[in-house]
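K.L.:
As input, take input-v8.tsv (TSV, C-alpha atoms and all ligand atoms):
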chain	number	residue	atom	x	y	z
A	1	MET	CA	120.70	83.66	80.74
A	2	SER	CA	120.56	85.53	77.48
A	3	VAL	CA	117.28	83.88	76.44
A	4	TYR	CA	115.80	86.65	78.58
A	5	TYR	CA	116.81	89.21	75.95
A	6	LEU	CA	115.43	87.06	73.16
A	7	ASP	CA	112.12	86.96	75.03
A	8	LYS	CA	112.38	90.71	75.60
A	9	LEU	CA	112.82	91.35	71.89
A	10	MET	CA	109.74	89.23	71.14
A	11	TYR	CA	107.76	90.93	73.91
A	12	GLN	CA	108.55	94.40	72.62
A	13	LEU	CA	107.98	93.37	69.01
A	14	ASN	CA	104.55	92.11	69.97
A	15	ARG	CA	103.57	95.12	72.04
A	16	ASP	CA	105.25	98.15	70.49
A	17	PRO	CA	104.37	99.28	66.95
A	18	MET	CA	107.55	101.40	66.88
A	19	VAL	CA	109.68	98.32	67.48
A	20	GLN	CA	107.70	96.50	64.79
A	21	ALA	CA	108.38	99.33	62.35
A	22	ARG	CA	112.08	99.28	63.18
A	23	TYR	CA	112.13	95.53	62.72
A	24	LYS	CA	110.82	96.00	59.20
A	25	GLU	CA	113.15	98.90	58.36
A	26	ASP	CA	116.45	97.79	59.85
A	27	ARG	CA	116.46	94.53	61.75
A	28	GLU	CA	120.21	94.42	62.23
A	29	ALA	CA	120.28	97.79	64.00
A	30	LEU	CA	117.33	96.84	66.20
A	31	LEU	CA	118.95	93.58	67.25
A	32	GLU	CA	122.10	95.46	68.33
A	33	GLU	CA	120.08	96.74	71.28
A	34	TYR	CA	119.48	93.29	72.76
A	35	ARG	CA	122.12	91.13	74.39
A	36	LEU	CA	121.61	88.15	72.10
A	37	THR	CA	124.03	85.30	71.54
A	38	ASP	CA	125.23	84.92	67.95
A	39	GLU	CA	123.00	81.86	67.66
A	40	GLU	CA	119.93	83.74	68.84
A	41	ARG	CA	120.68	86.70	66.62
A	42	GLN	CA	121.05	84.49	63.55
A	43	ALA	CA	117.84	82.60	64.33
A	44	VAL	CA	115.92	85.89	64.48
A	45	LEU	CA	117.48	87.12	61.23
A	46	ASP	CA	116.56	83.81	59.60
A	47	GLU	CA	113.08	83.99	61.16
A	48	ASP	CA	113.74	80.35	62.02
A	49	ILE	CA	110.78	79.48	64.25
A	50	GLY	CA	112.00	75.96	64.97
A	51	LYS	CA	115.43	77.18	66.07
A	52	LEU	CA	113.94	79.95	68.24
A	53	TYR	CA	111.67	77.40	69.88
A	54	SER	CA	114.60	75.07	70.53
A	55	LEU	CA	116.61	77.95	72.06
A	56	GLY	CA	113.91	78.34	74.70
A	57	ASN	CA	112.05	81.40	73.43
A	58	GLN	CA	108.73	81.48	75.32
A	59	PRO	CA	106.10	79.97	72.99
A	60	GLN	CA	103.47	82.46	74.16
A	61	LEU	CA	105.71	85.15	72.63
A	62	LEU	CA	107.03	83.12	69.72
A	63	MET	CA	103.50	82.48	68.42
A	64	HIS	CA	103.03	86.22	67.90
A	65	PHE	CA	106.40	86.58	66.18
A	66	ALA	CA	105.46	83.67	63.91
A	67	ALA	CA	102.20	85.41	63.03
A	68	LEU	CA	104.05	88.69	62.44
A	69	VAL	CA	106.39	87.07	59.92
A	70	GLY	CA	103.54	85.31	58.15
A	71	TYR	CA	103.11	81.86	59.63
A	72	ALA	CA	99.64	80.32	59.64
A	73	TRP	CA	98.78	78.50	62.89
A	74	MET	CA	99.39	74.97	61.65
A	75	ASP	CA	102.66	75.97	59.96
A	76	TYR	CA	103.83	77.50	63.23
A	77	ILE	CA	103.08	74.27	65.13
A	78	GLU	CA	104.87	72.23	62.47
A	79	ALA	CA	107.91	74.55	62.48
A	80	MET	CA	108.35	74.04	66.24
A	81	ARG	CA	107.98	70.29	65.86
A	82	VAL	CA	110.66	70.18	63.17
A	83	GLY	CA	112.90	72.53	65.17
A	84	ALA	CA	112.71	70.43	68.32
A	85	GLU	CA	113.67	67.36	66.33
A	86	LYS	CA	116.53	69.04	64.52
A	87	TYR	CA	118.00	71.23	67.29
A	88	GLY	CA	116.72	69.61	70.50
A	89	GLU	CA	113.93	70.20	72.99
A	90	PRO	CA	113.95	73.60	74.71
A	91	GLN	CA	115.02	73.82	78.35
A	92	TYR	CA	113.09	76.29	80.48
A	93	GLN	CA	113.85	77.55	83.95
A	94	ARG	CA	111.76	75.61	86.47
B	1	MET	CA	77.46	89.30	101.94
B	2	THR	CA	78.07	90.91	98.60
B	3	LEU	CA	79.77	88.16	96.63
B	4	VAL	CA	76.83	87.32	94.38
B	5	MET	CA	78.37	84.78	92.04
B	6	ALA	CA	81.55	82.75	91.60
B	7	GLY	CA	82.89	80.27	89.10
B	8	ALA	CA	85.46	79.41	86.50
B	9	ILE	CA	85.69	79.50	82.72
B	10	SER	CA	88.37	78.79	80.08
B	11	HIS	CA	90.31	81.50	78.24
B	12	ALA	CA	92.28	79.83	75.44
B	13	PRO	CA	92.53	82.02	72.31
B	14	GLY	CA	91.39	79.24	69.98
B	15	ILE	CA	87.95	79.26	71.63
B	16	THR	CA	87.10	82.42	69.70
B	17	GLY	CA	89.97	82.61	67.19
B	18	ARG	CA	89.62	79.10	65.77
B	19	GLU	CA	85.88	78.79	66.33
B	20	LYS	CA	85.19	77.59	62.79
B	21	MET	CA	87.82	74.83	62.94
B	22	ALA	CA	86.14	72.98	65.86
B	23	PRO	CA	83.66	70.10	65.65
B	24	GLU	CA	80.25	71.76	65.62
B	25	ASP	CA	78.61	69.64	68.34
B	26	LYS	CA	81.37	70.07	70.91
B	27	LYS	CA	81.73	73.74	70.16
B	28	THR	CA	77.99	74.32	70.50
B	29	ARG	CA	77.83	72.52	73.85
B	30	TYR	CA	80.65	74.66	75.18
B	31	TYR	CA	79.34	77.94	73.77
B	32	ASP	CA	75.87	77.18	75.18
B	33	ALA	CA	77.38	76.62	78.64
B	34	CYS	CA	79.19	79.97	78.34
B	35	TYR	CA	75.91	81.71	77.41
B	36	ARG	CA	74.17	80.04	80.35
B	37	PHE	CA	76.99	81.26	82.60
B	38	ARG	CA	76.61	84.77	81.14
B	39	ASP	CA	72.86	84.77	81.81
B	40	HIS	CA	73.43	83.52	85.33
B	41	LEU	CA	75.95	86.31	85.93
B	42	TRP	CA	73.55	89.01	84.71
B	43	ASP	CA	70.67	87.49	86.71
B	44	GLN	CA	72.63	88.40	89.85
B	45	LYS	CA	72.53	92.08	88.85
B	46	PRO	CA	76.24	92.58	89.46
B	47	ASP	CA	77.80	96.02	89.90
B	48	ALA	CA	81.25	94.71	89.00
B	49	LEU	CA	83.14	91.56	88.06
B	50	VAL	CA	86.48	90.59	89.57
B	51	LEU	CA	88.13	88.55	86.84
B	52	VAL	CA	91.08	86.45	87.99
B	53	SER	CA	93.18	85.34	85.07
B	54	ALA	CA	96.71	84.66	83.89
B	55	GLU	CA	97.86	86.77	80.98
B	56	HIS	CA	100.70	85.81	78.65
B	57	PHE	CA	103.30	88.59	78.58
B	58	GLY	CA	100.76	91.15	77.44
B	59	ASN	CA	101.76	93.64	80.14
B	60	PHE	CA	103.74	91.72	82.71
B	61	PHE	CA	107.15	90.55	81.63
B	62	MET	CA	110.24	89.14	83.31
B	63	ASP	CA	111.80	92.59	83.67
B	64	LYS	CA	109.32	93.35	86.48
B	65	MET	CA	106.92	90.49	87.10
B	66	PRO	CA	104.20	90.85	89.73
B	67	THR	CA	103.02	87.63	91.36
B	68	PHE	CA	99.53	89.05	91.96
B	69	CYS	CA	98.42	92.28	90.31
B	70	ILE	CA	95.06	94.06	90.64
B	71	GLY	CA	93.81	96.60	88.10
B	72	LEU	CA	93.04	100.12	89.35
B	73	ALA	CA	92.59	101.66	85.91
B	74	ASP	CA	89.60	103.72	84.74
B	75	ASP	CA	89.37	101.46	81.72
B	76	TYR	CA	91.22	98.78	79.84
B	77	GLN	CA	91.97	98.22	76.18
B	78	GLY	CA	91.83	94.95	74.34
B	79	PRO	CA	92.49	92.67	72.80
B	80	ILE	CA	96.22	93.06	72.26
B	81	GLU	CA	96.03	90.35	69.62
B	82	THR	CA	94.82	91.10	66.11
B	83	GLU	CA	91.16	90.64	65.32
B	84	GLU	CA	92.27	88.04	62.80
B	85	PHE	CA	93.94	85.96	65.51
B	86	LEU	CA	91.27	86.25	68.18
B	87	ASN	CA	88.08	87.13	66.30
B	88	ILE	CA	87.31	89.79	68.91
B	89	PRO	CA	87.23	93.45	67.80
B	90	LYS	CA	89.34	96.08	69.58
B	91	THR	CA	87.36	97.75	72.32
B	92	THR	CA	87.50	99.60	75.65
B	93	ILE	CA	86.42	97.81	78.80
B	94	PRO	CA	85.23	99.86	81.78
B	95	GLY	CA	87.15	99.51	85.04
B	96	ALA	CA	86.05	100.16	88.62
B	97	PRO	CA	89.05	101.99	90.11
B	98	GLU	CA	87.43	103.23	93.30
B	99	LEU	CA	85.86	99.87	94.18
B	100	ALA	CA	89.06	98.06	93.19
B	101	ARG	CA	91.00	100.27	95.59
B	102	ARG	CA	88.59	99.48	98.44
B	103	ILE	CA	88.91	95.75	97.70
B	104	ALA	CA	92.70	96.02	97.54
B	105	ASP	CA	92.85	97.84	100.87
B	106	VAL	CA	91.03	95.02	102.66
B	107	ALA	CA	92.68	92.14	100.77
B	108	MET	CA	96.14	93.55	101.42
B	109	GLN	CA	95.66	92.97	105.13
B	110	GLU	CA	96.33	89.34	104.24
B	111	VAL	CA	98.05	89.12	100.85
B	112	ASP	CA	100.45	91.38	98.98
B	113	LEU	CA	99.08	92.78	95.73
B	114	GLY	CA	100.84	94.71	93.04
B	115	TYR	CA	98.63	97.10	91.12
B	116	SER	CA	98.36	98.53	87.64
B	117	GLN	CA	96.74	101.67	86.26
B	118	GLU	CA	97.45	100.97	82.60
B	119	TRP	CA	96.68	97.56	81.24
B	120	SER	CA	95.74	96.11	77.86
B	121	PHE	CA	94.02	92.77	77.99
B	122	ASP	CA	95.17	89.76	76.03
B	123	HIS	CA	93.05	86.65	75.38
B	124	GLY	CA	93.38	85.66	79.04
B	125	PHE	CA	90.84	88.33	79.90
B	126	MET	CA	89.22	89.03	76.53
B	127	VAL	CA	87.98	85.54	75.65
B	128	PRO	CA	85.93	85.10	78.86
B	129	LEU	CA	84.68	88.70	78.66
B	130	ALA	CA	83.57	88.27	75.06
B	131	PHE	CA	81.12	85.64	76.35
B	132	LEU	CA	80.23	87.15	79.74
B	133	THR	CA	79.91	90.84	78.91
B	134	PRO	CA	79.47	90.97	75.13
B	135	LYS	CA	78.40	94.64	75.28
B	136	TRP	CA	81.46	95.53	77.38
B	137	ASP	CA	79.20	97.32	79.83
B	138	LEU	CA	80.04	95.71	83.17
B	139	PRO	CA	82.86	97.32	85.20
B	140	ILE	CA	85.75	94.89	85.45
B	141	ILE	CA	88.39	94.53	88.14
B	142	PRO	CA	91.14	92.39	86.63
B	143	LEU	CA	93.46	90.42	88.83
B	144	ASN	CA	96.42	88.72	87.23
B	145	ILE	CA	98.34	85.78	88.64
B	146	ASN	CA	101.74	85.05	87.13
B	147	CYS	CA	101.35	81.52	85.78
B	148	GLN	CA	103.96	81.90	83.03
B	149	VAL	CA	107.50	81.86	84.35
B	150	PRO	CA	108.75	80.78	87.79
B	151	PRO	CA	109.00	81.67	90.57
B	152	LEU	CA	105.23	81.13	90.65
B	153	ALA	CA	102.98	81.77	93.65
B	154	PRO	CA	102.62	78.53	95.66
B	155	LEU	CA	99.13	77.06	95.33
B	156	GLN	CA	98.31	77.72	98.99
B	157	ARG	CA	99.07	81.42	98.45
B	158	CYS	CA	96.55	81.51	95.61
B	159	HIS	CA	94.06	79.90	97.96
B	160	ALA	CA	94.89	82.57	100.57
B	161	LEU	CA	94.43	85.21	97.89
B	162	GLY	CA	90.93	83.87	97.26
B	163	LYS	CA	90.06	84.00	100.95
B	164	ALA	CA	91.37	87.55	101.22
B	165	LEU	CA	89.40	88.60	98.16
B	166	ARG	CA	86.24	87.10	99.64
B	167	LYS	CA	86.69	89.06	102.84
B	168	ALA	CA	87.36	92.21	100.85
B	169	ILE	CA	84.40	91.71	98.52
B	170	ASP	CA	82.03	90.97	101.39
B	171	ALA	CA	83.08	94.23	103.05
B	172	GLN	CA	81.67	96.25	100.12
B	173	PRO	CA	78.06	97.33	99.58
B	174	GLU	CA	78.23	96.54	95.83
B	175	ARG	CA	77.08	93.28	94.27
B	176	ILE	CA	80.25	91.62	93.00
B	177	ALA	CA	80.98	88.51	90.94
B	178	LEU	CA	84.28	86.61	91.06
B	179	ILE	CA	85.31	84.44	88.13
B	180	GLY	CA	88.58	82.61	87.58
B	181	CYS	CA	89.72	81.91	84.05
B	182	GLY	CA	92.44	79.65	82.84
B	183	GLY	CA	93.13	76.27	81.43
B	184	ILE	CA	93.38	73.02	83.23
B	185	SER	CA	95.81	70.72	81.40
B	186	HIS	CA	97.12	72.23	78.17
B	187	TRP	CA	100.31	72.82	76.21
B	188	PRO	CA	99.46	76.14	74.56
B	189	ALA	CA	101.47	77.48	71.64
B	190	THR	CA	103.84	74.49	71.76
B	191	PRO	CA	104.22	71.53	69.36
B	192	ASP	CA	101.91	69.68	71.78
B	193	SER	CA	99.16	72.25	71.31
B	194	GLY	CA	95.93	70.29	71.23
B	195	LYS	CA	97.13	67.69	73.72
B	196	ILE	CA	94.68	67.48	76.63
B	197	ASN	CA	95.05	65.22	79.67
B	198	GLU	CA	91.36	64.59	80.14
B	199	GLU	CA	91.87	62.17	83.02
B	200	TRP	CA	93.90	64.75	84.95
B	201	ASP	CA	91.36	67.45	84.16
B	202	ARG	CA	88.43	65.38	85.37
B	203	ALA	CA	90.22	64.48	88.62
B	204	PHE	CA	91.05	68.15	89.22
B	205	LEU	CA	87.51	69.26	88.40
B	206	GLU	CA	86.03	66.65	90.73
B	207	ASP	CA	88.06	68.12	93.59
B	208	PHE	CA	87.26	71.66	92.46
B	209	VAL	CA	83.48	71.24	92.35
B	210	ALA	CA	83.61	69.42	95.71
B	211	ASN	CA	85.98	72.17	96.87
B	212	LYS	CA	88.37	69.84	98.65
B	213	THR	CA	91.14	72.20	99.71
B	214	ASP	CA	93.70	69.54	100.62
B	215	ARG	CA	93.25	67.78	97.30
B	216	LEU	CA	93.45	71.01	95.27
B	217	LEU	CA	96.66	72.11	96.97
B	218	ARG	CA	98.48	68.79	96.81
B	219	TYR	CA	100.22	69.22	93.45
B	220	SER	CA	103.84	70.31	93.06
B	221	ASN	CA	104.74	72.63	90.18
B	222	ASP	CA	106.79	69.84	88.59
B	223	GLU	CA	103.83	67.44	88.76
B	224	ILE	CA	101.59	70.02	87.13
B	225	TYR	CA	104.18	70.67	84.43
B	226	ARG	CA	104.59	66.96	83.73
B	227	ASP	CA	100.92	65.94	83.75
B	228	ALA	CA	99.09	69.13	82.81
B	229	GLY	CA	101.67	71.00	80.75
B	230	PRO	CA	102.91	74.57	81.02
B	231	GLY	CA	99.31	75.82	80.76
B	232	GLY	CA	98.33	73.64	83.73
B	233	GLN	CA	99.94	76.23	86.03
B	234	GLU	CA	96.83	78.31	85.36
B	235	VAL	CA	94.92	76.14	87.86
B	236	ARG	CA	95.99	78.95	90.19
B	237	THR	CA	93.03	80.96	88.92
B	238	PHE	CA	90.63	78.13	89.81
B	239	ILE	CA	92.27	77.65	93.21
B	240	THR	CA	91.82	81.34	94.00
B	241	VAL	CA	88.09	80.97	93.40
B	242	ALA	CA	88.05	77.80	95.52
B	243	GLY	CA	89.60	79.82	98.35
B	244	ALA	CA	86.96	82.50	98.01
B	245	VAL	CA	84.11	79.99	98.41
B	246	GLU	CA	85.87	77.67	100.86
B	247	GLY	CA	83.43	75.24	102.45
B	248	HIS	CA	81.12	75.32	99.43
B	249	GLY	CA	81.15	73.30	96.27
B	250	GLY	CA	79.74	73.89	92.86
B	251	GLU	CA	78.52	72.32	89.68
B	252	LEU	CA	80.33	71.41	86.48
B	253	TRP	CA	78.29	72.98	83.70
B	254	CYS	CA	80.57	71.90	80.89
B	255	TYR	CA	83.77	70.05	80.14
B	256	GLU	CA	84.56	69.47	76.49
B	257	ALA	CA	88.06	68.49	75.40
B	258	ILE	CA	88.46	70.34	72.07
B	259	PRO	CA	91.98	69.91	70.67
B	260	ILE	CA	91.76	72.74	68.12
B	261	PHE	CA	90.91	75.06	71.06
B	262	ALA	CA	93.99	73.58	72.77
B	263	VAL	CA	92.21	73.04	76.10
B	264	GLY	CA	89.51	71.12	77.91
B	265	CYS	CA	86.82	73.80	77.72
B	266	THR	CA	85.27	74.29	81.11
B	267	VAL	CA	82.46	76.15	82.85
B	268	VAL	CA	81.96	75.68	86.58
B	269	ASN	CA	79.45	77.54	88.68
B	270	MET	CA	80.29	77.71	92.38
B	271	ASP	CA	77.95	78.12	95.32
B	272	VAL	CA	78.50	81.46	97.07
B	273	ALA	CA	76.25	80.94	100.11
B	274	ALA	CA	77.97	82.42	103.15
C	1	FE	FE	96.44	80.96	79.31
Let's see the structure in the file written out as structure tokens.

P.N.:
Amino acid sequence: MSVYYLDKLMYQLNRDPMVQARYKEDREALLEEYRLTDEERQAVLDEDIGKLYSLGNQPQLLMHFAALVGYAWMDYIEAMRVGAEKYGEPQYQR
Amino acid sequence: MTLVMAGAISHAPGITGREKMAPEDKKTRYYDACYRFRDHLWDQKPDALVLVSAEHFGNFFMDKMPTFCIGLADDYQGPIETEEFLNIPKTTIPGAPELARRIADVAMQEVDLGYSQEWSFDHGFMVPLAFLTPKWDLPIIPLNINCQVPPLAPLQRCHALGKALRKAIDAQPERIALIGCGGISHWPATPDSGKINEEWDRAFLEDFVANKTDRLLRYSNDEIYRDAGPGGQEVRTFITVAGAVEGHGGELWCYEAIPIFAVGCTVVNMDVAA
């Protein structure tokens, strides 16, 4: 399940200032280090919150990524709502 | 007999971070209950507080996820979140490593605990502490329960954890408080953020304050997920406290469903009489 690596990227982005700095300097190189699907990789590059939500990225991590890339709280909620409608509801392991 | 206080309180980040966006009357009733809970805690002259919560990938991630983890650090940093997001300034929180170790040694006769010596708190610990120990001057022993991603501890194991903690706390000469913090029903950080199943919450709280073990342990994870949302899995923190005071009930000091805080905001004080 590659969504694990998407979550890992978001976890490290949230917790490690060095990873944050690298994200700002050279996102493409940073993303090479995570086993992302093409779809996941593109959604990160697009900073597409709705798509990331639909792909199953843990919301407790996604909310920090959304804040990092400039989303206000209500815009973040709306982006997920639109994403779920457009790309489908996320499926989590149960 | 050194457990001097027990109870439960909410930890959602909106409680402090979105304070100004909430209806004033509801917010004030909840905040007042938190201050009353704080005063009650300090009235017991505690030496330390065992805070049972469920963090959200602040330290514990799916690469190596402990089911139960006790803090043995000298101190803790927090919050991880920005001051903007949480409205709580960055600070250092004192730990109680030697006491925590003694508690772990007794509790581990009955439950398996992971441990951590370096730990930065997210809102799961910081929001309750901001109310309970606003001067950050009470030694804290954090205990995390994985409530985020399955496999999750079965509810009866959380209850057993509470019983083991009680035995371990009562074996110490110090005066110790035990507080669980989490949400009841909530859908945090999702498009359903703000949804609250008040009926489910009230039924759960009725069983919690009456401390009816069979009723508290009857839910399956799928039922919780369906009726109480992903955040509902945090009832494990409440159930741990119920285990610690098994045979005794408590009193609901506050329940206010506040959608902008994304949770039914709760304060329960439990009876600790042995
Ligand atoms: Fe939580």

K.L.:
Counting all atoms listed in the file, what residues are within 12 Å of ligand FE 1 (chain C), given as a ChimeraX atom specification?

P.N.:
/A:59-60 /B:9-15,52-58,122-128,144-148,180-189,229-237,261-263

K.L.:
With a distance threshold of 9 Å and counting all atoms listed in the file, extract the residues of chain B near chain A and express them as a list in words.

P.N.:
His56, Phe57, Gly58, Asn59, Phe61, Met62, Asp63, Ile80, Glu81, Phe85, Gln148, Val149, Pro150, Pro151, Pro188, Ala189, Thr190, Pro191, Asp192, Ser193, Asn221 and Asp222 of chain B

K.L.:
List the neighbours of stretch 113-115 of chain B out to 7 Å using all atoms listed in the file; skip same-chain residues closer than 6 positions along the sequence, and give me the result as a list of chain:residue names.

P.N.:
B:Pro66, B:Phe68, B:Cys69, B:Ile70, B:Gly71, B:Leu72

K.L.:
Taking all atoms listed in the file into account, which of A:Leu6, A:Ala29, A:Leu13, A:Met18 comes nearest A:Val44?

P.N.:
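Result for the nearest residue to A:Val44: A:Leu6.
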
K.L.:
One decimal, Å: what's the distance from atom CA of A:Leu68 over to atom CA of B:Arg18, could you say?

P.N.:
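Separating atom CA of A:Leu68 from atom CA of B:Arg18 is a distance of 17.6 Å.
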
K.L.:
What separation in Å, quoted to one decimal, exists between atom CA of B:Ala6 and atom CA of B:Leu178?

P.N.:
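We find that atom CA of B:Ala6 and atom CA of B:Leu178 lie 4.8 Å from each other.
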
K.L.:
Atom CA of B:Ala33 to atom CA of B:Tyr255: how many Å, to one decimal?

P.N.:
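The value is 9.3 Å.
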
K.L.:
Of the residues B:Phe238, B:Trp200, B:Phe131, B:Phe60, which is the one nearest to B:Trp119, using all atoms listed in the file?

P.N.:
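Closest to B:Trp119, using all atoms listed in the file: B:Phe60.
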
K.L.:
At most 12 Å from (96.5, 63.9, 82.7), file frame, only C-alpha atoms: which residues, as a list in words?

P.N.:
Ile184, Ser185, His186, Trp187, Lys195, Ile196, Asn197, Glu198, Glu199, Trp200, Asp201, Arg202, Ala203, Phe204, Leu205, Glu223, Ile224, Tyr225, Arg226, Asp227, Ala228, Gly229, Gly232 and Gly264 of chain B

K.L.:
Using all atoms listed in the file, determine which residues lie at most 12 Å from B:Pro134, disregarding the query and same-chain residues fewer than 2 positions distant; provide the list as a PyMOL selection string.

P.N.:
chain B and resi 34-35+38-39+42+88-89+91-93+126-132+136-138

K.L.:
What does the file look like for those residues with C-alpha atoms, as a PDB file, in the coordinates of the input?

P.N.:
ATOM      1  CA  CYS B  34      79.190  79.970  78.340  1.00  0.00           C
ATOM      2  CA  TYR B  35      75.910  81.710  77.410  1.00  0.00           C
ATOM      3  CA  ARG B  38      76.610  84.770  81.140  1.00  0.00           C
ATOM      4  CA  ASP B  39      72.860  84.770  81.810  1.00  0.00           C
ATOM      5  CA  TRP B  42      73.550  89.010  84.710  1.00  0.00           C
ATOM      6  CA  ILE B  88      87.310  89.790  68.910  1.00  0.00           C
ATOM      7  CA  PRO B  89      87.230  93.450  67.800  1.00  0.00           C
ATOM      8  CA  THR B  91      87.360  97.750  72.320  1.00  0.00           C
ATOM      9  CA  THR B  92      87.500  99.600  75.650  1.00  0.00           C
ATOM     10  CA  ILE B  93      86.420  97.810  78.800  1.00  0.00           C
ATOM     11  CA  MET B 126      89.220  89.030  76.530  1.00  0.00           C
ATOM     12  CA  VAL B 127      87.980  85.540  75.650  1.00  0.00           C
ATOM     13  CA  PRO B 128      85.930  85.100  78.860  1.00  0.00           C
ATOM     14  CA  LEU B 129      84.680  88.700  78.660  1.00  0.00           C
ATOM     15  CA  ALA B 130      83.570  88.270  75.060  1.00  0.00           C
ATOM     16  CA  PHE B 131      81.120  85.640  76.350  1.00  0.00           C
ATOM     17  CA  LEU B 132      80.230  87.150  79.740  1.00  0.00           C
ATOM     18  CA  TRP B 136      81.460  95.530  77.380  1.00  0.00           C
ATOM     19  CA  ASP B 137      79.200  97.320  79.830  1.00  0.00           C
ATOM     20  CA  LEU B 138      80.040  95.710  83.170  1.00  0.00           C
TER      21      LEU B 138
END

K.L.:
Skipping near chain neighbours, those fewer than 6 positions away, what residues fall within 8 Å of B:Asp271 using all atoms listed in the file, listed as an mmCIF file with C-alpha atoms, in the frame of the given file?

P.N.:
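Resulting contents of part31.cif:
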data_model
loop_
_atom_site.group_PDB
_atom_site.id
_atom_site.type_symbol
_atom_site.label_atom_id
_atom_site.label_comp_id
_atom_site.auth_asym_id
_atom_site.auth_seq_id
_atom_site.Cartn_x
_atom_site.Cartn_y
_atom_site.Cartn_z
ATOM 1 C CA MET B 5 78.370 84.780 92.040
ATOM 2 C CA ALA B 6 81.550 82.750 91.600
ATOM 3 C CA VAL B 245 84.110 79.990 98.410
ATOM 4 C CA HIS B 248 81.120 75.320 99.430
ATOM 5 C CA GLY B 249 81.150 73.300 96.270
ATOM 6 C CA GLY B 250 79.740 73.890 92.860
#

K.L.:
Given only C-alpha atoms as the basis, pick out the residue of A:Leu31, A:Leu9, A:Ala66, A:Val3 nearest to A:Pro90.

P.N.:
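Smallest separation from A:Pro90 among the options: A:Val3.
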
K.L.:
Please write a file for stretch 67-81 of chain A, taken from the block I just shared, that holds C-alpha atoms and is laid out as a PDB file, in the first residue's frame.

P.N.:
ATOM      1  CA  ALA A  67      -1.701  24.792   6.443  1.00  0.00           C
ATOM      2  CA  LEU A  68       1.908  24.629   5.223  1.00  0.00           C
ATOM      3  CA  VAL A  69       0.884  25.419   1.654  1.00  0.00           C
ATOM      4  CA  GLY A  70      -1.383  28.251   2.752  1.00  0.00           C
ATOM      5  CA  TYR A  71      -4.884  26.911   3.223  1.00  0.00           C
ATOM      6  CA  ALA A  72      -7.124  28.557   5.812  1.00  0.00           C
ATOM      7  CA  TRP A  73      -9.165  26.071   7.876  1.00  0.00           C
ATOM      8  CA  MET A  74     -12.452  26.510   6.038  1.00  0.00           C
ATOM      9  CA  ASP A  75     -10.740  26.351   2.627  1.00  0.00           C
ATOM     10  CA  TYR A  76      -9.094  23.092   3.658  1.00  0.00           C
ATOM     11  CA  ILE A  77     -12.455  21.578   4.652  1.00  0.00           C
ATOM     12  CA  GLU A  78     -14.002  22.741   1.382  1.00  0.00           C
ATOM     13  CA  ALA A  79     -11.102  21.365  -0.689  1.00  0.00           C
ATOM     14  CA  MET A  80     -11.604  17.895   0.815  1.00  0.00           C
ATOM     15  CA  ARG A  81     -15.339  18.073   0.197  1.00  0.00           C
TER      16      ARG A  81
END
